[in-house]
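Encoded as structure tokens, the structure appears first; notes follow it.
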Amino acid sequence: MSSQDIPEENLPAEQGGTHVPKPADEKNPFADPGLPPHEHRIQDIDERAAKRSERTVALLFTVSMLATIGFIASFVAIPHDKSIYVWPLGHINAMNLALGLTLGVALFTIGAGAVHWARTLMSDEEVADERHPIEASPEVRAKVHADFKQGAKESVIGRRKLIRNTMLGALTLVPLSGVVLLRDLGPLPGTKLRHTLWSKGKLLVNMNTNEPMRPSDIAVGSLTFAKPEGLEEHDHGFQNEIAKAALMIIRLEPEAIKDKRELEWSHEGIVAYSKICTHVGCPISLYEQQTHHALCPCHQSTFDLADGARVIFGPAGHALPQLRIGVNDEGYLEALSDFEEPVGPAFWERG
Amino acid sequence: MKKLSARRRHPLAALVVLLLALACTGGLYAAFAPADKAQADETAQSLAIEEGKKLYAVGCASCHGTGGQGTTDGPSLVGVGAAAVDFQVGTGRMPAQQPGAQVPRKKVIYSQAEIDQLAAYVASLGAGPAVPSEEKYGPEGADTAKGGELFRTNCAQCHNFTGKGGALTHGKYAPTLEDVDPKHIYEAMQTGPQNMPSFPDTTLSEQNKKDIIAYLDAVNGDDTVDPGGLSLGGLGPVSEGLFGWIFGLGACIAVAVWVAARTAKAKKS
């Protein structure tokens, strides 16, 4: 090669085509250095090296084929519940491991083969493609304008005003059908967000045992989750209803309750709060029995359940709604009304 | 000693030795005398309470008060029951090393016999949950699937879906449930140690507790199979995302840089 003993940047471009270096002049104060000279790869010069590269690429593609066959074979041959111990992964499902490894190898070797092919065998001649102005030539523009005028004249739109006006009317009205279809996104929520399944006389049912609860069942410092009586887990719409009605039942020493209304709405220190965070509606039940704080796992809103579930930290906007509870004639805990305010996150019309 | 040996020939020395020997024999007899058969159990129990009281006076009284009534440094132990003592002392949480947000699990310093004596003493202060027997937390008759449901309803909010633990407010945390004795898990649910709420049998039945323990053994036991391997702490999307971004994307970048950094030209510049 001729350029071996001369520093590269001092060489003129070997094959610039139309692109030749321009020296600086008054209009262009910066000299255009042109393109660096093209360098050859071993594979361009040495046919044996090129053959070697070809074999490498072919080998990679072959490995990929074998890995794909291995993938299919492991899917067929390995029992799906077989587990093996592999350090450092631990006890792992053998089939998952085999599928992952074979598919990984199959995909990686295709990529590696393609990269090697492009780098060593595909042409790597640099080609300069000059930019052109995007503006059309004056002749083309004049012709387009003339064609447009001609077309407008021939369509008689300027003369037949009735056609023009009715067409504009039709085009204006057509999008309305799309707007009307948006109505089908409803039905509107109505007052659904303001009501839950709780109402006067509904028993508090323990979600663990599915039984109504007596005050004596609930110890100070304990935590229980309750649902309204009549709501069963396999009911249609259970999730929608429990998402609003879920209750957190705790018991405090009555003298530990700082909020007057909380005390009034409780029964012998048993208080029932909505389990739905007032920030974005996560189920909130990280209850600390010594501090009486409930923490929301999503954004760390913290509520003081001994003080009307006041927000003491975090992004929640208002206290957790409390359910008024009492005891019925048979001694079971019951709701005395629905929640007085909407449960869960605030919404536009909440007020 | 010199003073003592100088008086060994004192006329009253023999009398003193005699009295000492008598007191010793009497004391030993009192301690080891076989009790009446009818009272044997009660006596063993009261002996355990006696021994427990002594251990209590040394190890616990400075914070919980001489009679378990509690002080500003430690809560009252009246009515906490033997289960609470077995949990707190059996997991090494008590005696506490220092006050703080939360008393951590650490090396157990009492033998099980001593723990039983302490538990007997504290149980004598007021009625409370007893230490559960093995059939209550053993795997027989447990429904693992139901246990998973109950765990996700009652426990997972703090302890993570598979009991890996998690953070609470102001430095408190829900500890991991890995390698925790089933008996201690049962006692924790029953008594609600520290800031954990309790789940008494009236709201979470004995069978429910057994199911939860069986579930924990299924997801956290020694031979639990992790289908994907490399659970990354079992913390879910946080650690998995971090791993993906750092190691997955990092490997892609490293390969790309390596490919681009090596020139294919014959002349290396």
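Lettering and numbering for the structure tokens are positional, with chains as A, B, ... in the shown order, residues counted from 1 in each chain, and ligands counted from 1 in the shown order.
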Contact table chain B vs chain A, cut-off 8 Å, shortest pair per residue, only C-alpha atoms, as JSON lines:
{"residue": "B:Leu150", "atom": "CA", "partner": "A:Asn208", "partner_atom": "CA", "distance": 6.7}
{"residue": "B:Asn154", "atom": "CA", "partner": "A:Thr224", "partner_atom": "CA", "distance": 7.8}
{"residue": "B:Gln157", "atom": "CA", "partner": "A:Leu286", "partner_atom": "CA", "distance": 6.0}
{"residue": "B:Cys158", "atom": "CA", "partner": "A:Leu286", "partner_atom": "CA", "distance": 5.8}
{"residue": "B:Leu168", "atom": "CA", "partner": "A:Leu295", "partner_atom": "CA", "distance": 7.3}
{"residue": "B:Thr169", "atom": "CA", "partner": "A:Leu295", "partner_atom": "CA", "distance": 7.4}
{"residue": "B:Gly192", "atom": "CA", "partner": "A:Gly221", "partner_atom": "CA", "distance": 7.4}
{"residue": "B:Gln194", "atom": "CA", "partner": "A:Gln290", "partner_atom": "CA", "distance": 7.0}
{"residue": "B:Asn195", "atom": "CA", "partner": "A:Glu288", "partner_atom": "CA", "distance": 4.6}
{"residue": "B:Met196", "atom": "CA", "partner": "A:Glu288", "partner_atom": "CA", "distance": 5.8}
{"residue": "B:Pro197", "atom": "CA", "partner": "A:Ser222", "partner_atom": "CA", "distance": 4.7}
{"residue": "B:Ser198", "atom": "CA", "partner": "A:Ser222", "partner_atom": "CA", "distance": 4.2}
{"residue": "B:Phe199", "atom": "CA", "partner": "A:Ser222", "partner_atom": "CA", "distance": 5.5}
{"residue": "B:Pro200", "atom": "CA", "partner": "A:Ser222", "partner_atom": "CA", "distance": 7.1}
{"residue": "B:Thr202", "atom": "CA", "partner": "A:Asp217", "partner_atom": "CA", "distance": 5.0}
{"residue": "B:Thr203", "atom": "CA", "partner": "A:Asp217", "partner_atom": "CA", "distance": 6.3}
{"residue": "B:Leu204", "atom": "CA", "partner": "A:Asn208", "partner_atom": "CA", "distance": 6.3}
{"residue": "B:Ser205", "atom": "CA", "partner": "A:Thr209", "partner_atom": "CA", "distance": 7.4}
{"residue": "B:Asn208", "atom": "CA", "partner": "A:Asn208", "partner_atom": "CA", "distance": 7.8}
{"residue": "B:Asp223", "atom": "CA", "partner": "A:His91", "partner_atom": "CA", "distance": 7.5}
{"residue": "B:Thr224", "atom": "CA", "partner": "A:His91", "partner_atom": "CA", "distance": 7.2}
{"residue": "B:Val225", "atom": "CA", "partner": "A:His91", "partner_atom": "CA", "distance": 5.1}
{"residue": "B:Asp226", "atom": "CA", "partner": "A:Ile92", "partner_atom": "CA", "distance": 5.2}
{"residue": "B:Pro227", "atom": "CA", "partner": "A:Asn93", "partner_atom": "CA", "distance": 4.6}
{"residue": "B:Gly228", "atom": "CA", "partner": "A:Ile92", "partner_atom": "CA", "distance": 6.1}
{"residue": "B:Gly229", "atom": "CA", "partner": "A:Ile92", "partner_atom": "CA", "distance": 4.9}
{"residue": "B:Leu230", "atom": "CA", "partner": "A:Leu89", "partner_atom": "CA", "distance": 4.7}
{"residue": "B:Ala264", "atom": "CA", "partner": "A:Arg41", "partner_atom": "CA", "distance": 6.0}
{"residue": "B:Lys265", "atom": "CA", "partner": "A:Arg41", "partner_atom": "CA", "distance": 4.2}
{"residue": "B:Ala266", "atom": "CA", "partner": "A:Arg41", "partner_atom": "CA", "distance": 4.4}
{"residue": "B:Lys267", "atom": "CA", "partner": "A:Glu39", "partner_atom": "CA", "distance": 7.4}
Write a file of the just-selected residues containing C-alpha atoms, as a compact mmCIF listing (two decimals), in the first residue's frame.
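So out06.txt came out as:
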# COMPACT_ATOMS: atom_id res chain seq x y z
CA LEU B 150 -54.69 -15.63 53.79
CA ASN B 154 -53.29 -10.34 56.10
CA GLN B 157 -48.68 -5.84 52.82
CA CYS B 158 -45.75 -5.66 55.23
CA LEU B 168 -42.14 0.60 57.58
CA THR B 169 -42.07 4.14 58.97
CA GLY B 192 -48.34 -9.27 67.76
CA GLN B 194 -43.56 -4.87 68.70
CA ASN B 195 -45.47 -2.97 66.00
CA MET B 196 -46.98 -6.00 64.34
CA PRO B 197 -50.72 -6.19 64.95
CA SER B 198 -51.91 -9.42 66.53
CA PHE B 199 -54.13 -11.93 64.76
CA PRO B 200 -55.87 -13.73 67.62
CA THR B 202 -60.97 -15.29 67.13
CA THR B 203 -60.24 -13.45 63.89
CA LEU B 204 -57.61 -15.74 62.31
CA SER B 205 -58.41 -19.29 63.36
CA ASN B 208 -55.80 -20.36 59.22
CA ASP B 223 -36.23 -27.12 48.77
CA THR B 224 -38.48 -24.48 47.25
CA VAL B 225 -38.00 -24.46 43.49
CA ASP B 226 -37.65 -21.06 41.89
CA PRO B 227 -38.83 -21.71 38.31
CA GLY B 228 -36.86 -18.83 36.83
CA GLY B 229 -33.83 -19.01 39.12
CA LEU B 230 -32.00 -15.98 40.51
CA ALA B 264 -11.62 -4.30 10.54
CA LYS B 265 -8.99 -2.46 8.50
CA ALA B 266 -5.76 -4.17 7.60
CA LYS B 267 -3.78 -1.15 8.75
* What are the DSSP strand (DSSP E) residues of segment 14-253 of chain B, as a ChimeraX atom specification? -> /B:166-167,173-174
Just to be explicit: take each residue in the selection above, keep N, CA and C atoms, and write the result as a PDB file, in the first residue's frame.
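The new file out-v3.pdb reads:
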ATOM      1  N   GLY B 166     -40.026  -6.088  54.599  1.00  0.00           N
ATOM      2  CA  GLY B 166     -40.128  -4.790  53.941  1.00  0.00           C
ATOM      3  C   GLY B 166     -40.016  -3.666  54.939  1.00  0.00           C
ATOM      4  N   ALA B 167     -39.970  -2.423  54.427  1.00  0.00           N
ATOM      5  CA  ALA B 167     -39.740  -1.262  55.281  1.00  0.00           C
ATOM      6  C   ALA B 167     -41.052  -0.704  55.810  1.00  0.00           C
ATOM      7  N   TYR B 173     -39.305  -1.892  60.493  1.00  0.00           N
ATOM      8  CA  TYR B 173     -39.402  -2.741  59.318  1.00  0.00           C
ATOM      9  C   TYR B 173     -40.098  -4.041  59.673  1.00  0.00           C
ATOM     10  N   ALA B 174     -40.645  -4.674  58.661  1.00  0.00           N
ATOM     11  CA  ALA B 174     -41.206  -6.009  58.838  1.00  0.00           C
ATOM     12  C   ALA B 174     -40.086  -6.978  58.491  1.00  0.00           C
TER      13      ALA B 174
END
**Request:** Assign secondary structure with DSSP using the backbone only, and return the residues of segment 46-268 of chain B in alpha helix (DSSP H) as an MDAnalysis selection string.
**Result:** chainID B and resid 46:59 61:64 81:90 112:125 134:137 144:154 156:159 182:191 206:220 237:243 249:261
What does the file look like for those residues with C-alpha atoms, as a JSON list (two decimals), in the first residue's frame?
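Written file, again-v5.json:
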[["chain", "number", "residue", "atom", "x", "y", "z"],
["B", 46, "SER", "CA", -44.07, -23.47, 90.72],
["B", 47, "LEU", "CA", -40.41, -24.45, 90.61],
["B", 48, "ALA", "CA", -40.24, -23.29, 87.02],
["B", 49, "ILE", "CA", -41.95, -20.07, 88.06],
["B", 50, "GLU", "CA", -39.46, -19.67, 90.90],
["B", 51, "GLU", "CA", -36.52, -20.24, 88.57],
["B", 52, "GLY", "CA", -38.09, -18.00, 85.96],
["B", 53, "LYS", "CA", -38.53, -15.26, 88.52],
["B", 54, "LYS", "CA", -34.84, -15.40, 89.33],
["B", 55, "LEU", "CA", -33.89, -15.24, 85.64],
["B", 56, "TYR", "CA", -36.38, -12.41, 85.22],
["B", 57, "ALA", "CA", -34.89, -10.43, 88.07],
["B", 58, "VAL", "CA", -31.47, -10.61, 86.43],
["B", 59, "GLY", "CA", -32.28, -10.21, 82.75],
["B", 61, "ALA", "CA", -36.52, -6.45, 85.50],
["B", 62, "SER", "CA", -34.43, -3.38, 84.69],
["B", 63, "CYS", "CA", -36.78, -2.47, 81.81],
["B", 64, "HIS", "CA", -40.01, -4.35, 82.52],
["B", 81, "GLY", "CA", -48.65, -14.83, 77.97],
["B", 82, "ALA", "CA", -46.01, -17.50, 77.59],
["B", 83, "ALA", "CA", -46.20, -17.36, 73.78],
["B", 84, "ALA", "CA", -44.93, -13.78, 73.74],
["B", 85, "VAL", "CA", -41.95, -14.67, 75.96],
["B", 86, "ASP", "CA", -41.15, -17.76, 73.91],
["B", 87, "PHE", "CA", -41.18, -15.63, 70.75],
["B", 88, "GLN", "CA", -39.26, -12.61, 72.08],
["B", 89, "VAL", "CA", -36.56, -14.52, 73.94],
["B", 90, "GLY", "CA", -36.55, -17.52, 71.57],
["B", 112, "GLN", "CA", -34.89, -23.40, 75.76],
["B", 113, "ALA", "CA", -35.22, -24.63, 79.37],
["B", 114, "GLU", "CA", -34.52, -21.14, 80.69],
["B", 115, "ILE", "CA", -36.94, -19.64, 78.17],
["B", 116, "ASP", "CA", -39.62, -22.04, 79.39],
["B", 117, "GLN", "CA", -38.98, -20.98, 82.98],
["B", 118, "LEU", "CA", -39.17, -17.29, 82.04],
["B", 119, "ALA", "CA", -42.36, -17.98, 80.10],
["B", 120, "ALA", "CA", -43.84, -19.80, 83.08],
["B", 121, "TYR", "CA", -43.08, -16.85, 85.33],
["B", 122, "VAL", "CA", -44.51, -14.24, 82.94],
["B", 123, "ALA", "CA", -47.58, -16.42, 82.32],
["B", 124, "SER", "CA", -48.13, -16.47, 86.08],
["B", 125, "LEU", "CA", -48.46, -12.67, 86.07],
["B", 134, "GLU", "CA", -46.34, -28.84, 67.64],
["B", 135, "GLU", "CA", -49.56, -30.12, 66.02],
["B", 136, "LYS", "CA", -50.81, -26.53, 65.79],
["B", 137, "TYR", "CA", -48.05, -25.38, 63.44],
["B", 144, "THR", "CA", -51.17, -24.39, 51.31],
["B", 145, "ALA", "CA", -53.31, -22.63, 48.70],
["B", 146, "LYS", "CA", -55.68, -21.25, 51.31],
["B", 147, "GLY", "CA", -52.63, -20.22, 53.33],
["B", 148, "GLY", "CA", -51.36, -18.24, 50.34],
["B", 149, "GLU", "CA", -54.69, -16.43, 50.08],
["B", 150, "LEU", "CA", -54.69, -15.63, 53.79],
["B", 151, "PHE", "CA", -51.06, -14.54, 53.69],
["B", 152, "ARG", "CA", -51.72, -12.14, 50.83],
["B", 153, "THR", "CA", -54.75, -10.70, 52.62],
["B", 154, "ASN", "CA", -53.29, -10.34, 56.10],
["B", 156, "ALA", "CA", -48.15, -9.59, 52.50],
["B", 157, "GLN", "CA", -48.68, -5.84, 52.82],
["B", 158, "CYS", "CA", -45.75, -5.66, 55.23],
["B", 159, "HIS", "CA", -43.87, -8.96, 54.84],
["B", 182, "PRO", "CA", -42.81, -22.19, 62.47],
["B", 183, "LYS", "CA", -43.49, -22.04, 66.20],
["B", 184, "HIS", "CA", -42.23, -18.46, 66.32],
["B", 185, "ILE", "CA", -44.33, -17.47, 63.28],
["B", 186, "TYR", "CA", -47.36, -18.91, 65.05],
["B", 187, "GLU", "CA", -46.54, -17.03, 68.25],
["B", 188, "ALA", "CA", -45.97, -13.78, 66.37],
["B", 189, "MET", "CA", -49.41, -13.99, 64.76],
["B", 190, "GLN", "CA", -50.93, -14.77, 68.13],
["B", 191, "THR", "CA", -49.23, -12.08, 70.19],
["B", 206, "GLU", "CA", -55.87, -21.92, 64.38],
["B", 207, "GLN", "CA", -56.43, -23.67, 61.05],
["B", 208, "ASN", "CA", -55.80, -20.36, 59.22],
["B", 209, "LYS", "CA", -52.49, -19.95, 61.03],
["B", 210, "LYS", "CA", -51.47, -23.50, 60.17],
["B", 211, "ASP", "CA", -52.30, -22.83, 56.49],
["B", 212, "ILE", "CA", -50.21, -19.65, 56.48],
["B", 213, "ILE", "CA", -47.23, -21.48, 57.96],
["B", 214, "ALA", "CA", -47.57, -24.23, 55.35],
["B", 215, "TYR", "CA", -47.65, -21.59, 52.60],
["B", 216, "LEU", "CA", -44.49, -19.95, 53.92],
["B", 217, "ASP", "CA", -42.75, -23.29, 53.97],
["B", 218, "ALA", "CA", -43.83, -23.89, 50.37],
["B", 219, "VAL", "CA", -42.48, -20.57, 49.07],
["B", 220, "ASN", "CA", -39.54, -20.12, 51.41],
["B", 237, "PRO", "CA", -40.10, -5.31, 39.70],
["B", 238, "VAL", "CA", -37.70, -3.06, 41.64],
["B", 239, "SER", "CA", -34.73, -5.41, 41.80],
["B", 240, "GLU", "CA", -35.60, -7.08, 38.49],
["B", 241, "GLY", "CA", -35.77, -3.72, 36.72],
["B", 242, "LEU", "CA", -32.52, -2.60, 38.32],
["B", 243, "PHE", "CA", -30.82, -5.82, 37.20],
["B", 249, "LEU", "CA", -28.50, -2.97, 29.03],
["B", 250, "GLY", "CA", -24.89, -2.75, 30.27],
["B", 251, "ALA", "CA", -24.00, -5.97, 28.43],
["B", 252, "CYS", "CA", -25.61, -4.65, 25.22],
["B", 253, "ILE", "CA", -23.63, -1.40, 25.47],
["B", 254, "ALA", "CA", -20.41, -3.25, 26.24],
["B", 255, "VAL", "CA", -20.81, -5.51, 23.20],
["B", 256, "ALA", "CA", -21.65, -2.55, 20.96],
["B", 257, "VAL", "CA", -18.62, -0.59, 22.19],
["B", 258, "TRP", "CA", -16.37, -3.63, 21.76],
["B", 259, "VAL", "CA", -17.58, -4.22, 18.19],
["B", 260, "ALA", "CA", -17.16, -0.58, 17.20],
["B", 261, "ALA", "CA", -13.79, -0.15, 18.91]]
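From atom CA of Gly67 of chain B back to atom CA of Ala130 of chain B, the distance works out to 19.6 Å.
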